[in-house]
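Single-structure report; data block below.
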Amino acid sequence: MKKIVILYLLTLTMVNTLSAFTPKPKSLTVTSPDGRLTLHLHTGDTLAYSVTFKNQEIVLTSPIALALPDRVLGAKPQVVKTTTRKNKGTIALPYGSTKTLDDQYNELEVTFEGNYALTLRAYNEGVAYRFSTTLPSTIQIVNERASFNLTGDPAAIFPESDVWTSWEVPYIPYATVSAIAENKKALTPVLFSYDPIRVVIAEADVADYPGMYVGKHNGKLQGTWAGFPVRTEMGSWGNFVSVVKERAPYIADTRGTRTFPWRIIIATDDDRTLVTNKLVYKLARPSVLGSDLSWIKPGKAAWEWWHDAMVKDADIPTGMDNRNTALYKHYIDFAAANHLEYLMIDAGWSNIFDLSKVNPKVDVQEVIRYGKSKNVGVFLWCVATTLMNDPDKNMDLISKWGAVGLKVDFIDRDDQLAIRWFEDIAGAAAKKNLMINFHGCSKPTGLERTYPNIVNYEAVRGAECSKWDLTANPEHHVLIPFIRMLAGPLDYTPGGMRNKTQAAFKPIDPGLPSTQGTRCHELAMYVLFDQPFAMLCDSPEEYRKYPDIMKYLSAVPTSFDETRVLNAKLGQYATVAKRKDNRWFVGAMTDWDGRTLPLDFSFLPSGKTFKAEVYTDGTDNQDAAQYTYKTLDVTNRSKTDLVLAPGGGAVVYIHE
């Protein structure tokens, strides 16, 4: 084969183009830098791929294709040329669980007759492929074929959904894939287990294209997508959600020249690496917002919705029916006194269908002005359909009032048109220096890299479910870092202070809800969960009762310089240490089984003694709200044990 050109790029990238006149190979490969993962491309009668991990086949030959109305890209593929590339670089993060990410991969691009190509990448964390086309005008994608023929019959943890409208779902465990009913589908990421090997299917860089689910069809795992929406009506709860009433017999109508979403296979035999795996983020498009991101500031927020705005020790009327200017100023005073950066004002401050029609009890502009005087920014809630009626006009109004961000709720779709909304909203908000927290939304696929003003997504079964059912529990919590967090940040809304054991918990709504698990289990979420914009979901009254806990909640940041996973077991426990400047925060949590986890302080720099403030579960396993607080002097040679109650946790705040 004749080598045509080698280019050295700024990131030490090497491009190696092979002659278009070489015979077509039947199989092409790309291997991860550490040599453990290999993605094989098979170019026989049907385009297909397979994956090996440590020389063990984990994905058998799996056909892939894009079906257009007049032909199928991937049928009888004819290779025109292949291009290989090696990348050794870093990605600087504006915020997150670390300051930088290593960006090392090997890439193979295969161009085919018919104006399409396939790009394959192999990272140490996983492998991925994506289609691209160079076709004129616009094209319809009738369907995509993405097969996942896993070796054997692994166990599965299925974020199961029977609809195209909800991502706040529980994780359903299956002992085998064969036990999953035909036509059941799951949200991605979805995890499969050959204990100790974990295999995860995910996607990244979804733009102008529907989101992928993984379903079981004819006994096989296949990608599946919502059809293109032809007719919609306002409906659902409150009549403010755009509900699809009719879908086209195709999934996308899009540009003929473009790249398509990445299809990802993550594989590891060390559960700790799942907690810090940022492959979805790495595969997303870089930021389009320019270099000045100083207006994007992660932080914590006081929030009234979860506890029904009940603040019994306040000297003003409180409760959901009494939300008013004075009450929101009370929340701002609480936030300012405890170094919380924001106030999150939820539904009720305005007419749902017209943001300019403000609740007469709430002088929003005065609340925002008062917040600024206390260095507390204000986020405002709205529904997506109202915002999208005239996004520029609505963003301009919110910006003129002085708010710093919006919580955009009830998108409840991820078909092609809904996916466009995410980018349209983020782009319009960025023009006005507004941050966005998406709720009622599909899972992230890296758009927060492209638009870093997206500071969080819901797409998780979170604390709100404590009002209604038993699903927001410690068994669920210890799956989130290993599965949902692979997609990106999450707004779980932790911080509940009425903590209950498994036997004592009951859902409460309306009123003051409780949480399942211990007080320290709840506190550990501020370390274990990636949440750049994080709620303190309970009442200021509750936090004032516990100054030592409020000291920790005031100190713990939402963006860090470094993350280390000290120990972890899928669905059972995890201990994570995160650093911000010269301070460390350790969080540990367990499922409903009590256990003792070792804590080795060797991550600390040598030659220094630090103060460790340790919060652990109390000794009374019948009282989940009980906790102990103590201080220790520690060095990088210190060791201790964290004793976790059933549904328990621990946090350690380490500083000089």
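FYI, nothing fancy with the structure tokens labels: chains A, B, ... in order, residues from 1 per chain, ligands from 1 as they appear.
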Per residue of stretch 388-503 of chain A within 12 Å of stretch 562-573 of chain A, which atom pair is closest and at what distance in Å (one decimal), using only C-alpha atoms, listed by chain and increasing number, as a tab-separated table?
```
residue	atom	partner	partner_atom	distance
A:Asn473	CA	A:Gly571	CA	11.6
A:Pro474	CA	A:Gln572	CA	9.0
A:Glu475	CA	A:Gly571	CA	6.4
A:His476	CA	A:Gly571	CA	7.6
A:His477	CA	A:Gly571	CA	8.1
A:Val478	CA	A:Gly571	CA	4.9
A:Leu479	CA	A:Gly571	CA	4.8
A:Ile480	CA	A:Gly571	CA	8.5
A:Pro481	CA	A:Leu570	CA	8.7
A:Phe482	CA	A:Leu570	CA	6.5
A:Ile483	CA	A:Leu570	CA	9.1
```
Quick one: everything within 7 Å of A:Leu191, counting only C-alpha atoms, minus sequence neighbours fewer than 6 positions away in the same chain. Send it as a short mmCIF file (atom, residue, chain, number, x, y, z; two decimals) with N, CA and C atoms, in the first residue's frame.
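Heads up, here's the output in result_7.cif:
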```cif
data_model
loop_
_atom_site.label_atom_id
_atom_site.label_comp_id
_atom_site.auth_asym_id
_atom_site.auth_seq_id
_atom_site.Cartn_x
_atom_site.Cartn_y
_atom_site.Cartn_z
N ALA A 156 -28.04 -7.90 32.67
CA ALA A 156 -28.31 -6.56 32.15
C ALA A 156 -28.96 -5.71 33.22
N ILE A 157 -28.64 -4.42 33.19
CA ILE A 157 -29.34 -3.44 34.01
C ILE A 157 -30.02 -2.50 33.03
N ARG A 198 -17.65 -5.37 32.48
CA ARG A 198 -18.87 -4.61 32.19
C ARG A 198 -18.80 -4.09 30.76
N VAL A 199 -19.91 -4.16 30.07
CA VAL A 199 -20.02 -3.63 28.71
C VAL A 199 -21.20 -2.66 28.69
N VAL A 200 -20.95 -1.46 28.18
CA VAL A 200 -21.98 -0.42 28.16
C VAL A 200 -22.20 0.04 26.74
N ILE A 201 -23.47 0.17 26.36
CA ILE A 201 -23.84 0.75 25.08
C ILE A 201 -24.29 2.19 25.33
N ILE A 483 -23.72 4.12 35.69
CA ILE A 483 -24.51 4.01 34.45
C ILE A 483 -24.94 5.40 33.96
#
```
Residues within 8 Å of A:Ala463, please, as a JSON list (two decimals) with C-alpha atoms, in the first residue's frame. Count only C-alpha atoms; anything in the same chain fewer than 5 positions from it doesn't count.
```json
[["chain", "number", "residue", "atom", "x", "y", "z"],
["A", 472, "ALA", "CA", -35.40, 6.77, 44.82],
["A", 492, "TYR", "CA", -30.74, 14.54, 41.27],
["A", 493, "THR", "CA", -31.65, 17.40, 43.68],
["A", 494, "PRO", "CA", -30.18, 15.94, 46.90],
["A", 515, "THR", "CA", -35.59, 10.38, 51.81]]
```
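Between atom CA of A:Lys611 and atom CA of A:Phe585 lies a distance of 11.8 Å.
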- Could you pull out the helix (DSSP H, G or I) residues of stretch 164-405 of chain A from DSSP and send them as JSON, numbers by chain? {"A": [177, 178, 179, 237, 238, 239, 271, 272, 273, 274, 275, 279, 280, 281, 282, 283, 320, 321, 322, 325, 326, 327, 328, 329, 330, 331, 332, 333, 334, 335, 336, 337, 364, 365, 366, 367, 368, 369, 370, 371, 372, 373, 384, 385, 386, 387, 388, 389, 391, 392, 393, 394, 395, 396, 397, 398, 399, 400, 401]}
